[in-house]
file coords21.pdb (PDB, C-alpha atoms (C1' of nucleotides))
ATOM      1  CA  MET A1396      64.856  79.174  43.061
ATOM      2  CA  ASN A1397      64.201  75.458  42.650
ATOM      3  CA  TYR A1398      65.570  72.526  44.603
ATOM      4  CA  THR A1399      66.176  68.848  43.975
ATOM      5  CA  ILE A1400      65.114  66.229  46.474
ATOM      6  CA  SER A1401      68.636  65.901  47.859
ATOM      7  CA  GLN A1402      68.909  69.646  48.408
ATOM      8  CA  VAL A1403      65.608  69.655  50.251
ATOM      9  CA  ALA A1404      66.817  66.679  52.290
ATOM     10  CA  LYS A1405      69.774  68.744  53.466
ATOM     11  CA  LYS A1406      67.674  71.820  54.177
ATOM     12  CA  THR A1407      65.084  69.913  56.200
ATOM     13  CA  ASN A1408      67.296  67.274  57.840
ATOM     14  CA  LEU A1409      65.026  64.598  56.441
ATOM     15  CA  SER A1410      66.481  61.696  54.469
ATOM     16  CA  ILE A1411      65.674  61.361  50.789
ATOM     17  CA  TYR A1412      63.900  58.143  51.710
ATOM     18  CA  THR A1413      61.714  59.977  54.166
ATOM     19  CA  ILE A1414      60.758  62.707  51.732
ATOM     20  CA  ARG A1415      59.736  60.145  49.138
ATOM     21  CA  TYR A1416      57.884  58.236  51.848
ATOM     22  CA  TYR A1417      56.003  61.390  52.830
ATOM     23  CA  ASP A1418      55.134  61.967  49.201
ATOM     24  CA  LYS A1419      53.914  58.375  48.900
ATOM     25  CA  GLU A1420      51.778  58.934  51.992
ATOM     26  CA  GLY A1421      50.122  61.942  50.439
ATOM     27  CA  LEU A1422      51.833  64.639  52.500
ATOM     28  CA  LEU A1423      53.314  66.412  49.497
ATOM     29  CA  PRO A1424      50.597  66.462  46.827
ATOM     30  CA  PHE A1425      51.668  69.979  45.845
ATOM     31  CA  ILE A1426      55.162  69.152  44.596
ATOM     32  CA  ASP A1427      55.713  69.805  40.897
ATOM     33  CA  ARG A1428      57.330  67.336  38.521
ATOM     34  CA  GLU A1429      59.504  67.736  35.445
ATOM     35  CA  ASN A1430      59.791  64.513  33.414
ATOM     36  CA  GLY A1431      58.839  62.627  36.539
ATOM     37  CA  THR A1432      61.503  64.332  38.661
ATOM     38  CA  ARG A1433      60.290  66.277  41.683
ATOM     39  CA  VAL A1434      60.911  70.006  41.568
ATOM     40  CA  PHE A1435      60.729  71.842  44.897
ATOM     41  CA  HIS A1436      60.075  75.579  45.099
ATOM     42  CA  GLU A1437      60.809  77.949  47.955
ATOM     43  CA  HIS A1438      57.254  77.875  49.282
ATOM     44  CA  ASP A1439      57.253  74.080  49.280
ATOM     45  CA  VAL A1440      60.009  74.170  51.872
ATOM     46  CA  ASP A1441      57.780  76.324  54.099
ATOM     47  CA  TRP A1442      55.090  73.670  53.885
ATOM     48  CA  ILE A1443      57.584  70.892  54.578
ATOM     49  CA  ASP A1444      58.809  72.869  57.611
ATOM     50  CA  LEU A1445      55.262  72.951  58.886
ATOM     51  CA  ILE A1446      54.931  69.210  58.275
ATOM     52  CA  CYS A1447      58.156  68.651  60.241
ATOM     53  CA  CYS A1448      56.859  70.744  63.130
ATOM     54  CA  LEU A1449      53.678  68.685  63.250
ATOM     55  CA  LYS A1450      55.632  65.440  63.034
ATOM     56  CA  ASN A1451      58.162  66.518  65.679
ATOM     57  CA  SER A1452      55.336  67.382  68.011
ATOM     58  CA  GLY A1453      53.842  63.932  67.630
ATOM     59  CA  MET A1454      51.114  64.306  65.037
ATOM     60  CA  PRO A1455      50.743  60.998  63.156
ATOM     61  CA  ILE A1456      51.309  60.942  59.393
ATOM     62  CA  LYS A1457      47.647  60.180  58.742
ATOM     63  CA  GLU A1458      46.504  63.288  60.533
ATOM     64  CA  ILE A1459      49.102  65.410  58.789
ATOM     65  CA  ARG A1460      47.686  64.095  55.509
ATOM     66  CA  THR A1461      44.198  65.102  56.598
ATOM     67  CA  PHE A1462      45.520  68.551  57.400
ATOM     68  CA  ILE A1463      47.278  68.874  54.034
ATOM     69  CA  ASN A1464      44.164  67.653  52.249
ATOM     70  CA  TYR A1465      42.131  70.395  53.886
ATOM     71  CA  CYS A1466      44.710  72.938  52.831
ATOM     72  CA  THR A1467      44.766  71.826  49.198
ATOM     73  CA  ASP A1468      41.009  71.318  48.985
ATOM     74  CA  HIS A1469      39.576  74.552  47.707
ATOM     75  CA  ASP A1470      36.255  74.093  49.455
ATOM     76  CA  ALA A1471      37.472  73.545  52.998
ATOM     77  CA  VAL A1472      40.581  75.639  52.575
ATOM     78  CA  VAL A1473      42.127  77.403  55.488
ATOM     79  CA  GLU A1474      39.398  77.275  58.145
ATOM     80  CA  LYS A1475      39.495  73.497  58.568
ATOM     81  CA  GLY A1476      43.277  73.501  58.432
ATOM     82  CA  LEU A1477      43.496  76.220  61.065
ATOM     83  CA  GLU A1478      41.107  74.248  63.224
ATOM     84  CA  ILE A1479      43.503  71.290  63.186
ATOM     85  CA  LEU A1480      46.542  73.434  63.956
ATOM     86  CA  ILE A1481      44.796  75.177  66.829
ATOM     87  CA  LYS A1482      43.675  71.881  68.283
ATOM     88  CA  HIS A1483      47.171  70.486  67.897
ATOM     89  CA  ARG A1484      48.606  73.486  69.701
ATOM     90  CA  GLN A1485      46.765  72.244  72.772
ATOM     91  CA  ASN A1486      48.588  68.928  72.440
ATOM     92  CA  ILE A1487      51.902  70.726  72.357
ATOM     93  CA  GLU A1488      50.956  72.740  75.413
ATOM     94  CA  GLN A1489      50.087  69.469  77.142
ATOM     95  CA  GLN A1490      53.437  68.010  76.083
ATOM     96  CA  LEU A1491      55.106  71.000  77.662
ATOM     97  CA  ARG A1492      53.369  70.328  80.970
ATOM     98  CA  ASP A1493      54.133  66.595  80.716
ATOM     99  CA  THR A1494      57.795  67.249  80.069
ATOM    100  CA  GLN A1495      57.980  69.685  82.963
ATOM    101  CA  ARG A1496      56.447  67.028  85.192
ATOM    102  CA  ASN A1497      58.933  64.450  83.909
ATOM    103  CA  LEU A1498      61.723  66.841  84.784
ATOM    104  CA  GLN A1499      60.388  67.248  88.294
ATOM    105  CA  THR A1500      59.986  63.506  88.660
ATOM    106  CA  ILE A1501      63.501  62.711  87.499
ATOM    107  CA  ASN A1502      64.925  65.357  89.797
ATOM    108  CA  TYR A1503      63.065  63.791  92.682
ATOM    109  CA  LYS A1504      64.185  60.302  91.664
ATOM    110  CA  ILE A1505      67.809  61.388  91.311
ATOM    111  CA  GLU A1506      67.655  62.687  94.846
ATOM    112  CA  HIS A1507      65.981  59.574  96.220
ATOM    113  CA  LEU A1508      67.705  56.840  94.211
ATOM    114  CA  PRO A1509      70.125  55.914  96.996
ATOM    115  CA  GLN A1510      67.208  55.486  99.400
ATOM    116  CA  MET A1511      65.101  53.563  96.854
ATOM    117  CA  TYR A1512      68.075  51.320  96.314
ATOM    118  CA  LYS A1513      68.505  50.718 100.020
ATOM    119  CA  GLU A1514      64.829  49.987 100.553
ATOM    120  CA  LYS A1515      64.658  47.404  97.815
ATOM    121  CA  PHE A1516      68.086  46.012  97.082
ATOM    122  CA  ALA A1517      70.470  46.707  99.918
ATOM    123  CA  VAL A1518      72.174  43.676 101.397
ATOM    124  CA  GLY A1519      74.500  43.233 104.333
ATOM    125  CA  ASP A1520      73.186  43.256 107.894
ATOM    126  CA  GLN A1521      69.651  43.524 106.501
ATOM    127  CA  ARG A1522      67.509  41.114 104.478
ATOM    128  CA  LYS A1523      67.251  41.546 100.732
ATOM    129  CA  THR A1524      63.555  42.457 100.518
ATOM    130  CA  GLU A1525      61.728  45.189 102.352
ATOM    131  CA  LEU A1526      60.635  42.669 104.941
ATOM    132  CA  GLY A1527      64.086  43.207 106.355
ATOM    133  CA  THR A1528      63.971  46.967 106.199
ATOM    134  CA  LYS A1529      60.528  47.143 107.779
ATOM    135  CA  THR A1530      62.242  47.073 111.169
ATOM    136  CA  THR A1531      64.141  50.292 110.520
ATOM    137  CA  GLU A1532      61.889  51.830 107.918
ATOM    138  CA  VAL A1533      58.392  53.174 108.408
ATOM    139  CA  LYS A1534      56.099  54.148 105.616
TER     140      LYS A1534
ATOM    141  CA  MET B 141      50.720  45.729 101.522
ATOM    142  CA  ASN B 142      50.934  43.475  98.462
ATOM    143  CA  TYR B 143      49.388  43.907  95.047
ATOM    144  CA  THR B 144      48.390  41.650  92.173
ATOM    145  CA  ILE B 145      49.339  42.474  88.615
ATOM    146  CA  SER B 146      45.880  43.866  87.853
ATOM    147  CA  GLN B 147      46.024  46.180  90.863
ATOM    148  CA  VAL B 148      49.410  47.455  89.769
ATOM    149  CA  ALA B 149      48.039  47.926  86.274
ATOM    150  CA  LYS B 150      45.380  50.242  87.662
ATOM    151  CA  LYS B 151      47.826  52.127  89.888
ATOM    152  CA  THR B 152      50.308  52.718  87.078
ATOM    153  CA  ASN B 153      47.949  53.089  84.103
ATOM    154  CA  LEU B 154      49.873  50.364  82.326
ATOM    155  CA  SER B 155      48.032  47.400  80.837
ATOM    156  CA  ILE B 156      48.587  43.945  82.314
ATOM    157  CA  TYR B 157      50.101  43.007  78.964
ATOM    158  CA  THR B 158      52.584  45.829  79.221
ATOM    159  CA  ILE B 159      53.656  44.939  82.737
ATOM    160  CA  ARG B 160      54.278  41.351  81.707
ATOM    161  CA  TYR B 161      56.096  42.600  78.620
ATOM    162  CA  TYR B 162      58.322  44.798  80.767
ATOM    163  CA  ASP B 163      59.050  41.826  82.995
ATOM    164  CA  LYS B 164      59.896  39.716  79.948
ATOM    165  CA  GLU B 165      62.237  42.474  78.805
ATOM    166  CA  GLY B 166      64.074  42.394  82.110
ATOM    167  CA  LEU B 167      62.743  45.663  83.528
ATOM    168  CA  LEU B 168      61.273  44.034  86.618
ATOM    169  CA  PRO B 169      63.817  41.469  87.816
ATOM    170  CA  PHE B 170      63.033  42.400  91.419
ATOM    171  CA  ILE B 171      59.408  41.255  91.473
ATOM    172  CA  ASP B 172      58.706  38.408  93.874
ATOM    173  CA  ARG B 173      56.730  35.300  92.956
ATOM    174  CA  GLU B 174      54.428  33.027  94.920
ATOM    175  CA  ASN B 175      53.718  29.751  93.111
ATOM    176  CA  GLY B 176      54.627  31.469  89.869
ATOM    177  CA  THR B 177      52.278  34.408  90.494
ATOM    178  CA  ARG B 178      53.841  37.865  90.670
ATOM    179  CA  VAL B 179      53.597  39.599  94.039
ATOM    180  CA  PHE B 180      54.151  43.369  94.013
ATOM    181  CA  HIS B 181      55.179  45.279  97.130
ATOM    182  CA  GLU B 182      54.842  48.977  97.832
ATOM    183  CA  HIS B 183      58.448  49.749  96.932
ATOM    184  CA  ASP B 184      58.083  47.917  93.628
ATOM    185  CA  VAL B 185      55.507  50.479  92.602
ATOM    186  CA  ASP B 186      58.064  53.243  93.273
ATOM    187  CA  TRP B 187      60.460  51.514  90.920
ATOM    188  CA  ILE B 188      57.761  51.036  88.294
ATOM    189  CA  ASP B 189      56.924  54.732  88.602
ATOM    190  CA  LEU B 190      60.530  55.545  87.853
ATOM    191  CA  ILE B 191      60.456  53.187  84.881
ATOM    192  CA  CYS B 192      57.314  54.942  83.622
ATOM    193  CA  CYS B 193      58.962  58.333  83.963
ATOM    194  CA  LEU B 194      61.936  57.143  81.944
ATOM    195  CA  LYS B 195      59.682  55.591  79.322
ATOM    196  CA  ASN B 196      57.407  58.661  79.104
ATOM    197  CA  SER B 197      60.432  60.832  78.572
ATOM    198  CA  GLY B 198      61.566  58.698  75.676
ATOM    199  CA  MET B 199      64.157  56.345  77.105
ATOM    200  CA  PRO B 200      64.110  53.087  75.121
ATOM    201  CA  ILE B 201      63.314  49.833  76.935
ATOM    202  CA  LYS B 202      66.838  48.547  76.358
ATOM    203  CA  GLU B 203      68.374  51.490  78.137
ATOM    204  CA  ILE B 204      65.913  51.233  80.992
ATOM    205  CA  ARG B 205      66.996  47.616  81.349
ATOM    206  CA  THR B 206      70.617  48.693  81.507
ATOM    207  CA  PHE B 207      69.687  51.175  84.202
ATOM    208  CA  ILE B 208      67.783  48.568  86.216
ATOM    209  CA  ASN B 209      70.651  46.131  85.829
ATOM    210  CA  TYR B 210      73.034  48.677  87.301
ATOM    211  CA  CYS B 211      70.663  49.227  90.197
ATOM    212  CA  THR B 212      70.297  45.535  90.996
ATOM    213  CA  ASP B 213      73.954  44.767  90.458
ATOM    214  CA  HIS B 214      75.625  45.130  93.810
ATOM    215  CA  ASP B 215      78.975  46.070  92.355
ATOM    216  CA  ALA B 216      77.932  48.980  90.209
ATOM    217  CA  VAL B 217      75.008  49.912  92.411
ATOM    218  CA  VAL B 218      73.847  53.465  92.638
ATOM    219  CA  GLU B 219      76.682  55.448  91.076
ATOM    220  CA  LYS B 220      76.245  54.007  87.580
ATOM    221  CA  GLY B 221      72.469  54.245  87.876
ATOM    222  CA  LEU B 222      72.671  57.857  88.979
ATOM    223  CA  GLU B 223      74.964  58.555  86.079
ATOM    224  CA  ILE B 224      72.300  57.352  83.643
ATOM    225  CA  LEU B 225      69.547  59.353  85.309
ATOM    226  CA  ILE B 226      71.616  62.521  85.347
ATOM    227  CA  LYS B 227      72.488  62.103  81.713
ATOM    228  CA  HIS B 228      68.859  61.429  80.868
ATOM    229  CA  ARG B 229      67.824  64.587  82.682
ATOM    230  CA  GLN B 230      69.711  66.485  80.010
ATOM    231  CA  ASN B 231      67.558  64.778  77.384
ATOM    232  CA  ILE B 232      64.432  65.894  79.174
ATOM    233  CA  GLU B 233      65.743  69.447  79.395
ATOM    234  CA  GLN B 234      66.373  69.285  75.648
ATOM    235  CA  GLN B 235      62.847  67.987  75.085
ATOM    236  CA  LEU B 236      61.570  70.964  77.019
ATOM    237  CA  ARG B 237      63.418  73.345  74.714
ATOM    238  CA  ASP B 238      62.284  71.415  71.631
ATOM    239  CA  THR B 239      58.677  71.513  72.723
ATOM    240  CA  GLN B 240      58.894  75.218  73.443
ATOM    241  CA  ARG B 241      60.284  75.735  69.967
ATOM    242  CA  ASN B 242      57.484  73.626  68.469
ATOM    243  CA  LEU B 243      54.995  75.805  70.292
ATOM    244  CA  GLN B 244      56.560  78.946  68.860
ATOM    245  CA  THR B 245      56.622  77.425  65.393
ATOM    246  CA  ILE B 246      52.989  76.358  65.469
ATOM    247  CA  ASN B 247      51.957  79.781  66.729
ATOM    248  CA  TYR B 248      53.822  81.358  63.850
ATOM    249  CA  LYS B 249      52.322  78.905  61.373
ATOM    250  CA  ILE B 250      48.803  79.482  62.699
ATOM    251  CA  GLU B 251      49.280  83.175  62.081
ATOM    252  CA  HIS B 252      50.723  82.700  58.633
ATOM    253  CA  LEU B 253      48.632  79.814  57.316
ATOM    254  CA  PRO B 254      46.309  82.044  55.276
ATOM    255  CA  GLN B 255      49.289  83.621  53.578
ATOM    256  CA  MET B 256      51.038  80.279  53.016
ATOM    257  CA  TYR B 257      47.841  79.027  51.489
ATOM    258  CA  LYS B 258      47.573  82.027  49.168
ATOM    259  CA  GLU B 259      51.192  81.775  48.077
ATOM    260  CA  LYS B 260      50.950  78.127  47.152
ATOM    261  CA  PHE B 261      47.349  77.168  46.492
ATOM    262  CA  ALA B 262      45.212  80.212  45.901
ATOM    263  CA  VAL B 263      43.191  80.198  42.693
ATOM    264  CA  GLY B 264      41.061  82.866  41.089
ATOM    265  CA  ASP B 265      42.580  85.597  38.948
ATOM    266  CA  GLN B 266      45.968  83.934  39.518
ATOM    267  CA  ARG B 267      47.328  80.572  38.338
ATOM    268  CA  LYS B 268      47.344  77.635  40.725
ATOM    269  CA  THR B 269      51.123  77.311  41.181
ATOM    270  CA  GLU B 270      53.695  80.018  41.590
ATOM    271  CA  LEU B 271      54.474  79.574  37.917
ATOM    272  CA  GLY B 272      51.595  81.972  37.460
ATOM    273  CA  THR B 273      53.040  84.525  39.784
ATOM    274  CA  LYS B 274      56.421  84.503  38.123
ATOM    275  CA  THR B 275      54.827  84.359  34.654
ATOM    276  CA  THR B 276      57.245  81.755  33.308
ATOM    277  CA  GLU B 277      59.772  80.804  35.959
ATOM    278  CA  VAL B 278      63.344  80.035  35.001
ATOM    279  CA  LYS B 279      65.715  77.647  36.651
TER     280      LYS B 279
ATOM    281  C1'  DA C1234      80.205  54.335  24.189
ATOM    282  C1'  DT C1235      80.599  53.533  28.755
ATOM    283  C1'  DA C1236      80.879  54.847  33.447
ATOM    284  C1'  DT C1237      79.116  57.828  37.071
ATOM    285  C1'  DA C1238      75.673  60.301  39.278
ATOM    286  C1'  DC C1239      71.216  61.391  40.399
ATOM    287  C1'  DG C1240      66.508  60.811  39.830
ATOM    288  C1'  DA C1241      62.401  57.507  39.958
ATOM    289  C1'  DT C1242      59.131  53.377  41.567
ATOM    290  C1'  DA C1243      57.486  49.132  43.824
ATOM    291  C1'  DG C1244      57.750  46.641  47.305
ATOM    292  C1'  DA C1245      60.387  44.093  50.943
ATOM    293  C1'  DG C1246      62.578  44.511  55.467
ATOM    294  C1'  DT C1247      63.338  46.649  60.025
ATOM    295  C1'  DT C1248      62.499  48.262  64.681
ATOM    296  C1'  DA C1249      60.180  49.439  68.873
ATOM    297  C1'  DA C1250      56.680  48.781  71.790
ATOM    298  C1'  DC C1251      53.211  46.862  72.550
ATOM    299  C1'  DT C1252      48.856  43.656  72.117
ATOM    300  C1'  DC C1253      46.690  39.581  71.711
ATOM    301  C1'  DT C1254      45.782  34.363  71.409
ATOM    302  C1'  DA C1255      46.087  29.693  72.766
ATOM    303  C1'  DG C1256      46.527  26.744  76.119
ATOM    304  C1'  DG C1257      47.498  25.712  80.861
ATOM    305  C1'  DT C1258      47.389  26.086  86.453
ATOM    306  C1'  DC C1259      45.040  26.989  90.611
ATOM    307  C1'  DA C1260      41.628  28.544  94.230
ATOM    308  C1'  DA C1261      37.121  29.614  95.510
ATOM    309  C1'  DT C1262      32.020  28.955  94.697
ATOM    310  C1'  DG C1263      27.391  26.813  93.772
TER     311       DG C1263
ATOM    312  C1'  DC D 650      32.889  18.314  90.936
ATOM    313  C1'  DA D 651      32.279  21.526  87.387
ATOM    314  C1'  DT D 652      32.422  26.380  86.442
ATOM    315  C1'  DT D 653      34.339  30.850  86.944
ATOM    316  C1'  DG D 654      37.910  34.060  87.286
ATOM    317  C1'  DA D 655      42.526  35.498  87.865
ATOM    318  C1'  DC D 656      46.964  34.228  87.113
ATOM    319  C1'  DC D 657      50.762  32.162  84.033
ATOM    320  C1'  DT D 658      53.909  31.374  79.461
ATOM    321  C1'  DA D 659      55.229  31.142  74.657
ATOM    322  C1'  DG D 660      54.895  33.012  70.808
ATOM    323  C1'  DA D 661      52.249  35.210  66.948
ATOM    324  C1'  DG D 662      50.332  39.552  65.240
ATOM    325  C1'  DT D 663      50.043  44.622  64.883
ATOM    326  C1'  DT D 664      51.254  49.387  63.930
ATOM    327  C1'  DA D 665      53.895  53.389  62.759
ATOM    328  C1'  DA D 666      57.469  55.284  60.588
ATOM    329  C1'  DC D 667      60.797  54.695  58.380
ATOM    330  C1'  DT D 668      64.810  52.343  55.580
ATOM    331  C1'  DC D 669      66.584  49.815  52.118
ATOM    332  C1'  DT D 670      66.958  46.944  47.716
ATOM    333  C1'  DA D 671      66.282  45.982  43.034
ATOM    334  C1'  DT D 672      65.598  47.829  38.929
ATOM    335  C1'  DC D 673      64.994  51.278  35.769
ATOM    336  C1'  DG D 674      65.628  56.070  33.085
ATOM    337  C1'  DT D 675      68.349  60.040  31.846
ATOM    338  C1'  DA D 676      72.142  63.249  31.502
ATOM    339  C1'  DT D 677      76.885  64.516  31.799
ATOM    340  C1'  DA D 678      81.854  63.478  31.721
ATOM    341  C1'  DT D 679      85.883  60.739  29.821
TER     342       DT D 679
END

call {"tool": "encode", "arguments": {"input": "coords21.pdb", "output": "structure tokens"}}
result
Amino acid sequence: MNYTISQVAKKTNLSIYTIRYYDKEGLLPFIDRENGTRVFHEHDVDWIDLICCLKNSGMPIKEIRTFINYCTDHDAVVEKGLEILIKHRQNIEQQLRDTQRNLQTINYKIEHLPQMYKEKFAVGDQRKTELGTKTTEVK
Amino acid sequence: MNYTISQVAKKTNLSIYTIRYYDKEGLLPFIDRENGTRVFHEHDVDWIDLICCLKNSGMPIKEIRTFINYCTDHDAVVEKGLEILIKHRQNIEQQLRDTQRNLQTINYKIEHLPQMYKEKFAVGDQRKTELGTKTTEVK
DNA sequence: ATATACGATAGAGTTAACTCTAGGTCAATG
DNA sequence: CATTGACCTAGAGTTAACTCTATCGTATAT
């Protein structure tokens, strides 16, 4: 089964612009052409899915191109490509930890926002800056 | 205890440029000045930490400004600010799921890369594209 | 035969988030 | 009193990743 660029756009949730941009940037050197028109095969979509995973997890286009080059270069082949994926997996694992920490932080901040507000911005009987709160508030 | 901009830069791992940029963008309307020079207090660093958490978890500068404006605006105050944080927490929870999915995907792709390579790029007794494997290939 | 639709390219424009440069103030030091 | 170092602003420059425009080619439908 073959696909046109607009069909692949739908399947991958990329815009047609983006797919052509990726091709221009050397991410899709394996796509066939018929009279200049791109022809996508089933397996191409698997590769594009991989590219999307790398992009979604923050790998820059240039590095994705390096990865694809390794994969299409018959000397380096899979080993070098695998090396990149395995290294990138560590990034994703780090992202996971970072996001978990962000979640903890925001939970803490949600709890403490009223107090942070009071300490810095509250007006009324107290002064506006923490000079005023220093009387009631101890660090 | 007061801090200069370069001390805050070290504490927060932001560059001096970035801190001034954030100020320019209205993220730090609460910073005091002495003869034009910024003076940072302890509580300011708490607020900058919150800003960093929001930024690290993908909130755009404009939205962070909106949040800060709510917090410094004595009419809207905490409720509106809390609303934004609570809504943003959902984004972070989504990021967590997305990252977990990315991790699964990359694990799968690491396992299957050799096969993906064979299917699309392998040479030898077979042709280079899948045209060879289907003999002629019909649309 | 012309309009419509879809494909293509080259290259310009956009956006976010910095990052840096030029030029200036001010306080302490030799 | 000149130099050094840290601060300031305005505004220009950078980078990544799109996103769009202009223009063209081809095929099908009316």

call {"tool": "residues_around", "arguments": {"input": "coords21.pdb", "residues": "DC667 (chain D)", "least_positions_apart": "4", "cutoff": "9 Å", "atoms": "all atoms listed in the file", "output": "list in words"}}
result
Tyr1412, Thr1413 and Tyr1416 of chain A; DT1247 of chain C

call {"tool": "residues_around", "arguments": {"input": "coords21.pdb", "residues": "DG1244 (chain C)", "least_positions_apart": "6", "cutoff": "12 Å", "atoms": "all atoms listed in the file", "output": "list of chain:residue names"}}
result
D:DC669, D:DT670, D:DA671, D:DT672

call {"tool": "write_last_selection", "arguments": {"input": "coords21.pdb", "atoms": "C-alpha atoms (C1' of nucleotides)", "output": "compact mmCIF listing (two decimals), in the coordinates of the input"}}
result
# COMPACT_ATOMS: atom_id res chain seq x y z
C1' DC D 669 66.58 49.82 52.12
C1' DT D 670 66.96 46.94 47.72
C1' DA D 671 66.28 45.98 43.03
C1' DT D 672 65.60 47.83 38.93

call {"tool": "interface_residues", "arguments": {"input": "coords21.pdb", "of": "chain B", "to": "chain D", "cutoff": "10 Å", "atoms": "all atoms listed in the file", "output": "PDB file with C-alpha atoms, keeping the file's coordinate frame"}}
result
ATOM      1  CA  THR B 144      48.390  41.650  92.173  1.00  0.00           C
ATOM      2  CA  ILE B 145      49.339  42.474  88.615  1.00  0.00           C
ATOM      3  CA  SER B 146      45.880  43.866  87.853  1.00  0.00           C
ATOM      4  CA  ASN B 175      53.718  29.751  93.111  1.00  0.00           C
ATOM      5  CA  GLY B 176      54.627  31.469  89.869  1.00  0.00           C
ATOM      6  CA  THR B 177      52.278  34.408  90.494  1.00  0.00           C
ATOM      7  CA  ARG B 178      53.841  37.865  90.670  1.00  0.00           C
TER       8      ARG B 178
END

call {"tool": "atom_distance", "arguments": {"input": "coords21.pdb", "atom1": "CA of His228 (chain B)", "atom2": "CA of Arg1484 (chain A)"}}
result
26.1 Å

call {"tool": "resolve_selection", "arguments": {"input": "coords21.pdb", "expression": "the PyMOL selection byres ((chain A and resi 1455-1467) around 8)", "output": "VMD selection string"}}
result
(chain A and resid 1420 to 1423 1425 1446 1449 to 1450 1453 to 1454 1468 to 1469 1471 to 1473 1475 to 1476 1479) or (chain B and resid 257 261)

call {"tool": "resolve_selection", "arguments": {"input": "coords21.pdb", "expression": "the PyMOL selection byres ((chain B) within 7 of (chain A))", "output": "list in words"}}
result
His183, Cys193, Ser197, Cys211, Thr212, Val218, Leu222, Leu225, Arg229, Ile232, Leu236, Thr239, Asn242, Leu243, Ile246, Ile250, Pro254, Tyr257, Lys260, Phe261 and Lys279 of chain B

call {"tool": "resolve_selection", "arguments": {"input": "coords21.pdb", "expression": "the PyMOL selection byres ((chain C) within 9 of (chain B))", "output": "list in words"}}
result
DA1249, DA1250, DC1251, DT1252 and DC1253 of chain C

call {"tool": "write_last_selection", "arguments": {"input": "coords21.pdb", "atoms": "C-alpha atoms (C1' of nucleotides)", "output": "compact mmCIF listing (two decimals), keeping the file's coordinate frame"}}
result
# COMPACT_ATOMS: atom_id res chain seq x y z
C1' DA C 1249 60.18 49.44 68.87
C1' DA C 1250 56.68 48.78 71.79
C1' DC C 1251 53.21 46.86 72.55
C1' DT C 1252 48.86 43.66 72.12
C1' DC C 1253 46.69 39.58 71.71

call {"tool": "axis_aligned_box", "arguments": {"input": "coords21.pdb", "around": "region 1399-1402 of chain A", "padding_each_side": "8 Å", "output": "JSON"}}
result
{"center_x": 67.0, "center_y": 67.8, "center_z": 46.2, "size_x": 19.8, "size_y": 19.7, "size_z": 20.4}

call {"tool": "atom_distance", "arguments": {"input": "coords21.pdb", "atom1": "CA of Leu1409 (chain A)", "atom2": "CA of Val1440 (chain A)"}}
result
11.7 Å

call {"tool": "atom_distance", "arguments": {"input": "coords21.pdb", "atom1": "CA of Phe180 (chain B)", "atom2": "CA of Lys150 (chain B)"}}
result
12.8 Å
